[in-house]
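Shown below: query-v9.cif, with mmCIF, C-alpha atoms (C1' of nucleotides).
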```cif
data_target
loop_
_atom_site.group_PDB
_atom_site.id
_atom_site.type_symbol
_atom_site.label_atom_id
_atom_site.label_comp_id
_atom_site.auth_asym_id
_atom_site.auth_seq_id
_atom_site.Cartn_x
_atom_site.Cartn_y
_atom_site.Cartn_z
ATOM 1 C CA MET A 1 2.788 13.143 38.013
ATOM 2 C CA PRO A 2 1.925 15.122 34.919
ATOM 3 C CA GLN A 3 2.722 13.199 31.757
ATOM 4 C CA LYS A 4 5.956 14.105 30.114
ATOM 5 C CA THR A 5 5.300 15.538 26.688
ATOM 6 C CA HIS A 6 7.379 15.710 23.550
ATOM 7 C CA THR A 7 7.741 18.133 20.714
ATOM 8 C CA ILE A 8 7.081 17.035 17.191
ATOM 9 C CA SER A 9 10.726 16.728 16.241
ATOM 10 C CA GLU A 10 11.511 14.672 19.338
ATOM 11 C CA LEU A 11 8.788 12.285 18.331
ATOM 12 C CA ALA A 12 9.993 12.240 14.740
ATOM 13 C CA ARG A 13 13.490 11.290 15.835
ATOM 14 C CA ALA A 14 12.217 8.628 18.213
ATOM 15 C CA PHE A 15 10.139 6.931 15.536
ATOM 16 C CA ASP A 16 12.439 7.643 12.623
ATOM 17 C CA ILE A 17 9.812 9.456 10.599
ATOM 18 C CA THR A 18 9.509 13.065 9.448
ATOM 19 C CA THR A 19 7.511 15.778 11.130
ATOM 20 C CA ARG A 20 5.521 15.993 7.935
ATOM 21 C CA THR A 21 4.408 12.419 8.454
ATOM 22 C CA ILE A 22 3.302 13.156 11.997
ATOM 23 C CA ARG A 23 1.292 16.178 10.918
ATOM 24 C CA PHE A 24 -0.158 14.123 8.113
ATOM 25 C CA TYR A 25 -1.361 11.496 10.563
ATOM 26 C CA GLU A 26 -3.018 14.204 12.583
ATOM 27 C CA GLU A 27 -4.662 15.598 9.456
ATOM 28 C CA LYS A 28 -6.060 12.111 8.865
ATOM 29 C CA GLY A 29 -7.383 11.886 12.403
ATOM 30 C CA LEU A 30 -4.920 9.325 13.732
ATOM 31 C CA LEU A 31 -3.411 11.682 16.282
ATOM 32 C CA ASN A 32 -4.528 14.757 18.043
ATOM 33 C CA PRO A 33 -1.939 16.166 20.308
ATOM 34 C CA GLN A 34 -2.440 18.879 22.871
ATOM 35 C CA ARG A 35 -1.380 22.394 22.041
ATOM 36 C CA VAL A 36 0.746 24.878 23.918
ATOM 37 C CA GLY A 37 -0.021 28.046 22.039
ATOM 38 C CA GLN A 38 0.444 27.028 18.451
ATOM 39 C CA GLN A 39 2.777 24.153 19.139
ATOM 40 C CA ARG A 40 1.898 20.489 19.404
ATOM 41 C CA ARG A 41 2.773 18.463 22.474
ATOM 42 C CA TYR A 42 2.707 14.701 22.370
ATOM 43 C CA THR A 43 2.078 12.345 25.285
ATOM 44 C CA ASP A 44 2.748 8.646 25.696
ATOM 45 C CA ALA A 45 -0.718 7.907 24.362
ATOM 46 C CA ASP A 46 0.418 9.388 21.070
ATOM 47 C CA ARG A 47 3.493 7.176 21.126
ATOM 48 C CA VAL A 48 1.282 4.137 21.564
ATOM 49 C CA ARG A 49 -0.705 5.206 18.549
ATOM 50 C CA LEU A 50 2.395 5.719 16.465
ATOM 51 C CA THR A 51 3.643 2.297 17.450
ATOM 52 C CA LEU A 52 0.339 0.848 16.337
ATOM 53 C CA ILE A 53 0.472 2.700 13.057
ATOM 54 C CA GLN A 54 3.963 1.483 12.301
ATOM 55 C CA ARG A 55 3.157 -2.097 13.175
ATOM 56 C CA GLY A 56 0.062 -1.794 11.032
ATOM 57 C CA LYS A 57 2.137 -0.605 8.108
ATOM 58 C CA ARG A 58 4.541 -3.503 8.474
ATOM 59 C CA ILE A 59 1.701 -5.980 8.146
ATOM 60 C CA GLY A 60 0.203 -4.123 5.215
ATOM 61 C CA MET A 61 -2.561 -2.125 6.828
ATOM 62 C CA SER A 62 -3.679 1.197 5.420
ATOM 63 C CA LEU A 63 -3.850 4.252 7.645
ATOM 64 C CA GLN A 64 -7.631 3.951 7.656
ATOM 65 C CA GLU A 65 -7.397 0.435 8.990
ATOM 66 C CA SER A 66 -4.930 1.511 11.645
ATOM 67 C CA GLN A 67 -7.294 4.288 12.582
ATOM 68 C CA ALA A 68 -10.100 1.773 12.976
ATOM 69 C CA ILE A 69 -7.927 -0.261 15.320
ATOM 70 C CA ILE A 70 -6.853 2.794 17.275
ATOM 71 C CA GLU A 71 -10.485 3.614 17.826
ATOM 72 C CA MET A 72 -10.985 0.139 19.235
ATOM 73 C CA TYR A 73 -8.303 0.877 21.788
ATOM 74 C CA ASP A 74 -9.934 4.101 22.916
ATOM 75 C CA PRO A 75 -13.485 2.891 23.258
ATOM 76 C CA ALA A 76 -15.681 5.904 23.818
ATOM 77 C CA GLN A 77 -17.238 3.886 26.679
ATOM 78 C CA GLY A 78 -20.588 3.655 25.068
ATOM 79 C CA ASN A 79 -23.771 1.799 25.703
ATOM 80 C CA VAL A 80 -24.461 -1.881 25.199
ATOM 81 C CA GLU A 81 -25.224 -1.506 21.544
ATOM 82 C CA GLN A 82 -21.938 0.252 20.914
ATOM 83 C CA LEU A 83 -20.038 -2.318 22.928
ATOM 84 C CA GLU A 84 -21.523 -5.084 20.863
ATOM 85 C CA ARG A 85 -20.650 -3.346 17.648
ATOM 86 C CA LEU A 86 -17.117 -2.900 18.904
ATOM 87 C CA LEU A 87 -16.959 -6.579 19.753
ATOM 88 C CA ASP A 88 -18.089 -7.474 16.258
ATOM 89 C CA ASN A 89 -15.462 -5.238 14.744
ATOM 90 C CA VAL A 90 -12.749 -6.708 16.917
ATOM 91 C CA ASN A 91 -13.701 -10.212 15.894
ATOM 92 C CA ALA A 92 -13.840 -9.295 12.227
ATOM 93 C CA ARG A 93 -10.332 -7.866 12.457
ATOM 94 C CA LYS A 94 -9.124 -10.938 14.286
ATOM 95 C CA GLN A 95 -10.477 -13.165 11.555
ATOM 96 C CA GLN A 96 -8.768 -11.110 8.914
ATOM 97 C CA LEU A 97 -5.484 -11.288 10.768
ATOM 98 C CA HIS A 98 -5.803 -15.047 11.098
ATOM 99 C CA ALA A 99 -6.388 -15.308 7.360
ATOM 100 C CA GLN A 100 -3.344 -13.160 6.785
ATOM 101 C CA MET A 101 -1.373 -15.475 9.027
ATOM 102 C CA GLN A 102 -2.347 -18.364 6.763
ATOM 103 C CA ASP A 103 -1.162 -16.466 3.721
ATOM 104 C CA LEU A 104 2.100 -15.750 5.449
ATOM 105 C CA LYS A 105 2.627 -19.389 6.321
ATOM 106 C CA GLN A 106 1.877 -20.459 2.783
ATOM 107 C CA MET A 107 4.317 -17.938 1.399
ATOM 108 C CA LEU A 108 6.914 -19.198 3.851
ATOM 109 C CA THR A 109 6.547 -22.858 2.956
ATOM 110 C CA GLU A 110 6.810 -21.977 -0.705
ATOM 111 C CA LEU A 111 10.001 -20.087 -0.046
ATOM 112 C CA ASP A 112 11.204 -23.122 1.880
ATOM 113 C CA ASP A 113 10.648 -25.180 -1.257
ATOM 114 C CA VAL A 114 12.626 -22.734 -3.334
ATOM 115 C CA GLU A 115 15.400 -22.875 -0.772
ATOM 116 C CA LYS A 116 15.519 -26.668 -0.876
ATOM 117 C CA ARG A 117 15.642 -26.810 -4.641
ATOM 118 C CA CYS A 118 18.326 -24.207 -4.539
ATOM 119 C CA GLN A 119 20.365 -26.185 -2.019
ATOM 120 C CA GLN A 120 20.043 -29.315 -4.090
ATOM 121 C CA ALA A 121 21.286 -27.566 -7.181
ATOM 122 C CA LEU A 122 24.274 -26.327 -5.215
ATOM 123 C CA ASN A 123 24.949 -29.797 -3.817
ATOM 124 C CA ILE A 124 25.069 -31.257 -7.286
ATOM 125 C CA VAL A 125 27.590 -28.667 -8.337
ATOM 126 C CA ASN A 126 29.711 -29.357 -5.287
ATOM 127 C CA LYS A 127 29.697 -33.116 -5.894
ATOM 128 C CA LYS A 128 30.925 -32.543 -9.405
ATOM 129 C CA GLU A 129 33.781 -30.556 -7.960
ATOM 130 C CA ASP A 130 34.668 -33.502 -5.727
ATOM 131 C CA ASN A 131 35.434 -35.671 -8.796
ATOM 132 C CA MET B 1 -0.868 -32.449 -23.846
ATOM 133 C CA PRO B 2 -0.562 -28.855 -24.907
ATOM 134 C CA GLN B 3 -1.392 -26.505 -22.063
ATOM 135 C CA LYS B 4 -4.850 -25.094 -22.123
ATOM 136 C CA THR B 5 -4.727 -21.352 -22.493
ATOM 137 C CA HIS B 6 -7.105 -18.602 -21.471
ATOM 138 C CA THR B 7 -8.061 -15.228 -22.851
ATOM 139 C CA ILE B 8 -7.585 -12.147 -20.766
ATOM 140 C CA SER B 9 -11.241 -11.834 -19.802
ATOM 141 C CA GLU B 10 -11.429 -15.476 -18.754
ATOM 142 C CA LEU B 11 -8.496 -14.875 -16.458
ATOM 143 C CA ALA B 12 -10.027 -11.667 -15.174
ATOM 144 C CA ARG B 13 -13.231 -13.445 -14.229
ATOM 145 C CA ALA B 14 -11.364 -16.310 -12.606
ATOM 146 C CA PHE B 15 -9.334 -13.998 -10.372
ATOM 147 C CA ASP B 16 -11.968 -11.348 -9.908
ATOM 148 C CA ILE B 17 -9.842 -8.530 -11.258
ATOM 149 C CA THR B 18 -10.178 -6.343 -14.343
ATOM 150 C CA THR B 19 -8.418 -6.852 -17.638
ATOM 151 C CA ARG B 20 -6.790 -3.502 -17.059
ATOM 152 C CA THR B 21 -5.141 -4.901 -13.965
ATOM 153 C CA ILE B 22 -3.815 -7.897 -15.867
ATOM 154 C CA ARG B 23 -2.359 -5.707 -18.591
ATOM 155 C CA PHE B 24 -0.901 -3.462 -15.939
ATOM 156 C CA TYR B 25 0.876 -6.402 -14.338
ATOM 157 C CA GLU B 26 2.325 -7.289 -17.707
ATOM 158 C CA GLU B 27 3.457 -3.717 -18.209
ATOM 159 C CA LYS B 28 5.285 -3.978 -14.897
ATOM 160 C CA GLY B 29 6.941 -7.231 -15.909
ATOM 161 C CA LEU B 30 5.000 -9.566 -13.642
ATOM 162 C CA LEU B 31 3.433 -11.479 -16.502
ATOM 163 C CA ASN B 32 4.284 -12.076 -20.087
ATOM 164 C CA PRO B 33 1.724 -14.164 -21.848
ATOM 165 C CA GLN B 34 2.069 -15.714 -25.245
ATOM 166 C CA ARG B 35 0.468 -14.026 -28.205
ATOM 167 C CA VAL B 36 -1.805 -15.359 -30.923
ATOM 168 C CA GLY B 37 -1.712 -12.574 -33.413
ATOM 169 C CA GLN B 38 -2.340 -9.515 -31.314
ATOM 170 C CA GLN B 39 -4.160 -11.293 -28.553
ATOM 171 C CA ARG B 40 -2.762 -12.532 -25.288
ATOM 172 C CA ARG B 41 -3.034 -16.166 -24.226
ATOM 173 C CA TYR B 42 -2.453 -17.161 -20.631
ATOM 174 C CA THR B 43 -1.220 -20.530 -19.360
ATOM 175 C CA ASP B 44 -1.337 -22.098 -15.921
ATOM 176 C CA ALA B 45 2.057 -20.596 -15.178
ATOM 177 C CA ASP B 46 0.420 -17.202 -15.424
ATOM 178 C CA ARG B 47 -2.288 -18.329 -13.049
ATOM 179 C CA VAL B 48 0.352 -19.354 -10.544
ATOM 180 C CA ARG B 49 1.874 -15.926 -10.807
ATOM 181 C CA LEU B 50 -1.446 -14.207 -10.321
ATOM 182 C CA THR B 51 -2.107 -16.330 -7.262
ATOM 183 C CA LEU B 52 1.246 -15.277 -5.888
ATOM 184 C CA ILE B 53 0.541 -11.620 -6.606
ATOM 185 C CA GLN B 54 -2.813 -11.750 -4.858
ATOM 186 C CA ARG B 55 -1.449 -13.534 -1.834
ATOM 187 C CA GLY B 56 1.353 -11.000 -1.787
ATOM 188 C CA LYS B 57 -1.138 -8.160 -1.768
ATOM 189 C CA ARG B 58 -3.062 -9.696 1.093
ATOM 190 C CA ILE B 59 0.043 -9.734 3.260
ATOM 191 C CA GLY B 60 0.973 -6.211 2.245
ATOM 192 C CA MET B 61 3.591 -6.761 -0.429
ATOM 193 C CA SER B 62 4.093 -4.288 -3.250
ATOM 194 C CA LEU B 63 4.060 -5.471 -6.839
ATOM 195 C CA GLN B 64 7.825 -5.060 -6.945
ATOM 196 C CA GLU B 65 8.210 -7.396 -4.009
ATOM 197 C CA SER B 66 5.887 -9.913 -5.604
ATOM 198 C CA GLN B 67 7.922 -9.640 -8.751
ATOM 199 C CA ALA B 68 11.076 -10.396 -6.798
ATOM 200 C CA ILE B 69 9.442 -13.507 -5.370
ATOM 201 C CA ILE B 70 8.152 -14.596 -8.753
ATOM 202 C CA GLU B 71 11.673 -14.389 -10.067
ATOM 203 C CA MET B 72 12.782 -16.691 -7.267
ATOM 204 C CA TYR B 73 10.282 -19.247 -8.481
ATOM 205 C CA ASP B 74 11.554 -19.166 -12.041
ATOM 206 C CA PRO B 75 15.265 -19.372 -11.374
ATOM 207 C CA ALA B 76 17.062 -18.705 -14.620
ATOM 208 C CA GLN B 77 19.149 -21.787 -13.740
ATOM 209 C CA GLY B 78 22.332 -19.862 -13.415
ATOM 210 C CA ASN B 79 25.792 -20.580 -12.153
ATOM 211 C CA VAL B 80 26.910 -21.108 -8.583
ATOM 212 C CA GLU B 81 27.260 -17.450 -7.862
ATOM 213 C CA GLN B 82 23.723 -16.760 -9.002
ATOM 214 C CA LEU B 83 22.388 -19.682 -7.014
ATOM 215 C CA GLU B 84 24.061 -18.355 -3.906
ATOM 216 C CA ARG B 85 22.651 -14.902 -4.447
ATOM 217 C CA LEU B 86 19.221 -16.433 -4.911
ATOM 218 C CA LEU B 87 19.646 -18.357 -1.681
ATOM 219 C CA ASP B 88 20.564 -15.159 0.123
ATOM 220 C CA ASN B 89 17.504 -13.410 -1.241
ATOM 221 C CA VAL B 90 15.250 -16.274 -0.251
ATOM 222 C CA ASN B 91 16.568 -16.221 3.270
ATOM 223 C CA ALA B 92 16.230 -12.473 3.540
ATOM 224 C CA ARG B 93 12.594 -12.727 2.474
ATOM 225 C CA LYS B 94 11.998 -15.532 4.926
ATOM 226 C CA GLN B 95 13.375 -13.433 7.736
ATOM 227 C CA GLN B 96 11.144 -10.548 6.791
ATOM 228 C CA LEU B 97 8.107 -12.799 6.713
ATOM 229 C CA HIS B 98 8.976 -14.184 10.141
ATOM 230 C CA ALA B 99 9.221 -10.659 11.491
ATOM 231 C CA GLN B 100 5.866 -9.876 9.951
ATOM 232 C CA MET B 101 4.458 -12.960 11.639
ATOM 233 C CA GLN B 102 5.589 -11.545 14.975
ATOM 234 C CA ASP B 103 3.859 -8.265 14.254
ATOM 235 C CA LEU B 104 0.708 -10.141 13.363
ATOM 236 C CA LYS B 105 0.782 -12.119 16.589
ATOM 237 C CA GLN B 106 1.300 -8.990 18.616
ATOM 238 C CA MET B 107 -1.599 -7.269 16.908
ATOM 239 C CA LEU B 108 -3.732 -10.311 17.596
ATOM 240 C CA THR B 109 -2.952 -10.485 21.285
ATOM 241 C CA GLU B 110 -3.707 -6.813 21.620
ATOM 242 C CA LEU B 111 -7.043 -7.322 19.943
ATOM 243 C CA ASP B 112 -7.632 -10.208 22.335
ATOM 244 C CA ASP B 113 -7.119 -7.782 25.193
ATOM 245 C CA VAL B 114 -9.611 -5.374 23.722
ATOM 246 C CA GLU B 115 -12.069 -8.204 23.327
ATOM 247 C CA LYS B 116 -11.698 -9.263 26.960
ATOM 248 C CA ARG B 117 -12.167 -5.767 28.260
ATOM 249 C CA CYS B 118 -15.179 -5.456 26.039
ATOM 250 C CA GLN B 119 -16.653 -8.718 27.312
ATOM 251 C CA GLN B 120 -16.150 -7.640 30.906
ATOM 252 C CA ALA B 121 -17.908 -4.379 30.320
ATOM 253 C CA LEU B 122 -20.826 -6.270 28.831
ATOM 254 C CA ASN B 123 -20.893 -8.734 31.734
ATOM 255 C CA ILE B 124 -21.163 -5.906 34.208
ATOM 256 C CA VAL B 125 -24.087 -4.463 32.326
ATOM 257 C CA ASN B 126 -25.793 -7.860 32.212
ATOM 258 C CA LYS B 127 -25.360 -8.406 35.950
ATOM 259 C CA LYS B 128 -26.965 -5.091 36.613
ATOM 260 C CA GLU B 129 -29.915 -6.242 34.580
ATOM 261 C CA ASP B 130 -30.215 -9.347 36.767
ATOM 262 C CA ASN B 131 -30.980 -7.197 39.808
ATOM 263 C "C1'" DC C 1 -22.752 -9.792 -43.893
ATOM 264 C "C1'" DA C 2 -23.841 -6.561 -40.441
ATOM 265 C "C1'" DA C 3 -24.018 -5.725 -35.648
ATOM 266 C "C1'" DA C 4 -22.419 -7.036 -31.244
ATOM 267 C "C1'" DA C 5 -18.872 -8.657 -28.344
ATOM 268 C "C1'" DG C 6 -14.150 -8.941 -27.240
ATOM 269 C "C1'" DC C 7 -9.218 -7.464 -27.695
ATOM 270 C "C1'" DT C 8 -5.519 -3.803 -28.363
ATOM 271 C "C1'" DT C 9 -2.937 0.285 -27.541
ATOM 272 C "C1'" DG C 10 -2.776 4.922 -25.868
ATOM 273 C "C1'" DA C 11 -3.768 8.725 -22.784
ATOM 274 C "C1'" DC C 12 -5.464 10.911 -18.917
ATOM 275 C "C1'" DG C 13 -7.695 10.601 -14.093
ATOM 276 C "C1'" DT C 14 -7.606 9.069 -9.181
ATOM 277 C "C1'" DT C 15 -6.362 7.746 -4.320
ATOM 278 C "C1'" DA C 16 -3.114 6.959 -0.568
ATOM 279 C "C1'" DA C 17 0.785 8.385 1.774
ATOM 280 C "C1'" DC C 18 3.688 11.173 2.159
ATOM 281 C "C1'" DG C 19 7.935 14.714 0.140
ATOM 282 C "C1'" DT C 20 9.259 19.297 -0.753
ATOM 283 C "C1'" DC C 21 9.335 23.958 -0.831
ATOM 284 C "C1'" DA C 22 7.704 28.716 0.765
ATOM 285 C "C1'" DA C 23 6.618 32.195 3.941
ATOM 286 C "C1'" DC C 24 6.107 33.254 8.310
ATOM 287 C "C1'" DG C 25 5.906 33.138 13.716
ATOM 288 C "C1'" DT C 26 8.458 31.747 18.127
ATOM 289 C "C1'" DA C 27 11.749 30.094 21.327
ATOM 290 C "C1'" DA C 28 16.597 29.459 22.714
ATOM 291 C "C1'" DG C 29 21.576 30.301 23.024
ATOM 292 C "C1'" DC C 30 25.275 33.619 23.161
ATOM 293 C "C1'" DG D 1 18.687 41.656 21.491
ATOM 294 C "C1'" DC D 2 19.836 39.235 17.638
ATOM 295 C "C1'" DT D 3 20.744 35.274 15.188
ATOM 296 C "C1'" DT D 4 19.703 30.418 14.871
ATOM 297 C "C1'" DA D 5 16.937 26.594 15.451
ATOM 298 C "C1'" DC D 6 12.404 24.908 15.685
ATOM 299 C "C1'" DG D 7 7.421 25.113 14.725
ATOM 300 C "C1'" DT D 8 3.154 26.374 11.846
ATOM 301 C "C1'" DT D 9 0.146 26.461 7.902
ATOM 302 C "C1'" DG D 10 -0.500 26.232 3.064
ATOM 303 C "C1'" DA D 11 0.286 24.567 -1.576
ATOM 304 C "C1'" DC D 12 2.054 21.810 -4.998
ATOM 305 C "C1'" DG D 13 4.792 17.472 -6.427
ATOM 306 C "C1'" DT D 14 5.410 12.359 -6.508
ATOM 307 C "C1'" DT D 15 4.892 7.216 -6.672
ATOM 308 C "C1'" DA D 16 2.164 2.988 -6.763
ATOM 309 C "C1'" DA D 17 -1.653 0.681 -8.415
ATOM 310 C "C1'" DC D 18 -4.885 0.774 -10.885
ATOM 311 C "C1'" DG D 19 -9.758 3.130 -13.185
ATOM 312 C "C1'" DT D 20 -11.774 5.178 -17.101
ATOM 313 C "C1'" DC D 21 -12.493 6.621 -21.430
ATOM 314 C "C1'" DA D 22 -11.402 6.723 -26.611
ATOM 315 C "C1'" DA D 23 -10.536 4.908 -31.091
ATOM 316 C "C1'" DG D 24 -9.687 1.211 -33.703
ATOM 317 C "C1'" DC D 25 -9.156 -3.896 -35.014
ATOM 318 C "C1'" DT D 26 -11.086 -8.700 -35.028
ATOM 319 C "C1'" DT D 27 -13.993 -12.353 -34.205
ATOM 320 C "C1'" DT D 28 -18.277 -14.330 -33.339
ATOM 321 C "C1'" DT D 29 -23.235 -14.638 -33.833
ATOM 322 C "C1'" DG D 30 -28.028 -14.109 -35.610
#
```

Kindly return the structure encoded in the file as structure tokens.
Amino acid sequence: MPQKTHTISELARAFDITTRTIRFYEEKGLLNPQRVGQQRRYTDADRVRLTLIQRGKRIGMSLQESQAIIEMYDPAQGNVEQLERLLDNVNARKQQLHAQMQDLKQMLTELDDVEKRCQQALNIVNKKEDN
Amino acid sequence: MPQKTHTISELARAFDITTRTIRFYEEKGLLNPQRVGQQRRYTDADRVRLTLIQRGKRIGMSLQESQAIIEMYDPAQGNVEQLERLLDNVNARKQQLHAQMQDLKQMLTELDDVEKRCQQALNIVNKKEDN
DNA sequence: CAAAAGCTTGACGTTAACGTCAACGTAAGC
DNA sequence: GCTTACGTTGACGTTAACGTCAAGCTTTTG
């Protein structure tokens, strides 16, 4: 069956972003929807990209970085050399994400410490109230 | 012993940032070093804060968010109400970081998929060469 | 003690990631 | 068929996070 397509405002509603944002992403090369006359029509492939972009943003990636990852998803089916370069890029990204994971864990354990100290302070106050 | 202090350029070298950046962080309320005359003097507490800021940046936090976390570290030792608010904030942050961890994992598994597909494509090419 | 090196406060410039009009074409409901 | 809603392309505005001078003070070094 022919892919169901969406207008720009449908997509905007679905992803809770503005149409301006969607056009901006296209301007930056992250999307390029089909056209029906002047108007843009978005397929599910575009939705996948938007999902990637939003996840990227949540973990602190720039649009350029998200674009790099998107391009890894749509490999232009190149020759061996290109495949190997792609593989290198993928592994570099993976390493970076693992490092980021470590930073996240560290931040979490430090917040755990703050929580504990906070709890203790509250316990002391409560014990005083018991007297 | 009295804490050893550092000048702004010493700190800049140590953290591989510019002095402008350090002053900017102060302007935004993330640091406030002591002064000796006009000049700033930084203690280890400031280094801790800078470490936090940099880790924050690596996981995609804004300076405002890092500031919020810094303030959790230096609790103004308030009353019960303040302690409870702090605890709420800490837990909210923790939740957000856990969510971010999920996003990271997802991104990683998707990159794993790309890697596998890439490997397969290379294997096929190599087998052809065997013939 | 003079020049160089370092510190200080402005002030303006820059990039990313959109927001916010404006002015105009097109499609859709009554 | 006309209004109303939606879409399009500019162009300029905005915020965060610094970079980049400039102009002046101070401290260190030969």

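Residue-level contact on chain C: within 12 Å of chain B, counting all atoms listed in the file, the set is DA5, DG6, DC7, DT8 and DT9 of chain C.
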
For the residues in that selection, give me C-alpha atoms (C1' of nucleotides) as a PDB file, in the coordinates of the input.
```pdb
ATOM      1  C1'  DA C   5     -18.872  -8.657 -28.344  1.00  0.00           C
ATOM      2  C1'  DG C   6     -14.150  -8.941 -27.240  1.00  0.00           C
ATOM      3  C1'  DC C   7      -9.218  -7.464 -27.695  1.00  0.00           C
ATOM      4  C1'  DT C   8      -5.519  -3.803 -28.363  1.00  0.00           C
ATOM      5  C1'  DT C   9      -2.937   0.285 -27.541  1.00  0.00           C
TER       6       DT C   9
END
```

(request) Kindly provide, as a PyMOL selection string, the residues of chain B having any atom no farther than 12 Å from an atom of chain D, counting only C-alpha atoms (C1' of nucleotides). (result) chain B and resi 17-25+27-28+37-39+57+61-64

(request) Pick out the chain A residues within 8 Å of chain B. Count only C-alpha atoms. Give them as JSON, numbers by chain. (result) {"A": [55, 58, 59, 60, 61, 72, 73, 80, 83, 86, 87, 90, 91, 94, 97, 100, 101, 103, 104, 107, 108, 111, 114, 115, 118, 119, 121, 122, 125]}

(request) Could you tell me how far atom CA of B:Asp46 lies from atom C1' of C:DA16, in Å and to one decimal? (result)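 That distance, rounded to one decimal, is 28.6 Å.
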
(request) Using atom CA of A:Arg35 and atom CA of A:Arg49 as the two end points, give the distance in Å to one decimal. (result)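 Between these atoms lies a distance of 17.6 Å.
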
As a tab-separated table (two decimals), in the frame of the given file, could you write out stretch 95-107 of chain B once it has been completed with N, CA and C atoms?
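Output saved as rebuild21.tsv:
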```tsv
chain	number	residue	atom	x	y	z
B	95	GLN	N	13.22	-14.19	6.49
B	95	GLN	CA	13.38	-13.43	7.74
B	95	GLN	C	12.31	-12.34	7.84
B	96	GLN	N	12.12	-11.64	6.77
B	96	GLN	CA	11.14	-10.55	6.79
B	96	GLN	C	9.75	-11.08	7.09
B	97	LEU	N	9.43	-12.22	6.49
B	97	LEU	CA	8.11	-12.80	6.71
B	97	LEU	C	7.96	-13.26	8.16
B	98	HIS	N	9.05	-13.78	8.73
B	98	HIS	CA	8.98	-14.18	10.14
B	98	HIS	C	8.74	-12.97	11.04
B	99	ALA	N	9.41	-11.89	10.71
B	99	ALA	CA	9.22	-10.66	11.49
B	99	ALA	C	7.77	-10.20	11.38
B	100	GLN	N	7.25	-10.29	10.18
B	100	GLN	CA	5.87	-9.88	9.95
B	100	GLN	C	4.91	-10.75	10.76
B	101	MET	N	5.27	-12.03	10.84
B	101	MET	CA	4.46	-12.96	11.64
B	101	MET	C	4.42	-12.49	13.09
B	102	GLN	N	5.55	-12.04	13.60
B	102	GLN	CA	5.59	-11.54	14.98
B	102	GLN	C	4.68	-10.34	15.15
B	103	ASP	N	4.73	-9.44	14.19
B	103	ASP	CA	3.86	-8.26	14.25
B	103	ASP	C	2.39	-8.68	14.26
B	104	LEU	N	2.08	-9.66	13.42
B	104	LEU	CA	0.71	-10.14	13.36
B	104	LEU	C	0.27	-10.70	14.72
B	105	LYS	N	1.13	-11.51	15.30
B	105	LYS	CA	0.78	-12.12	16.59
B	105	LYS	C	0.55	-11.05	17.64
B	106	GLN	N	1.44	-10.07	17.64
B	106	GLN	CA	1.30	-8.99	18.62
B	106	GLN	C	-0.03	-8.27	18.44
B	107	MET	N	-0.32	-7.94	17.20
B	107	MET	CA	-1.60	-7.27	16.91
B	107	MET	C	-2.77	-8.12	17.39
```
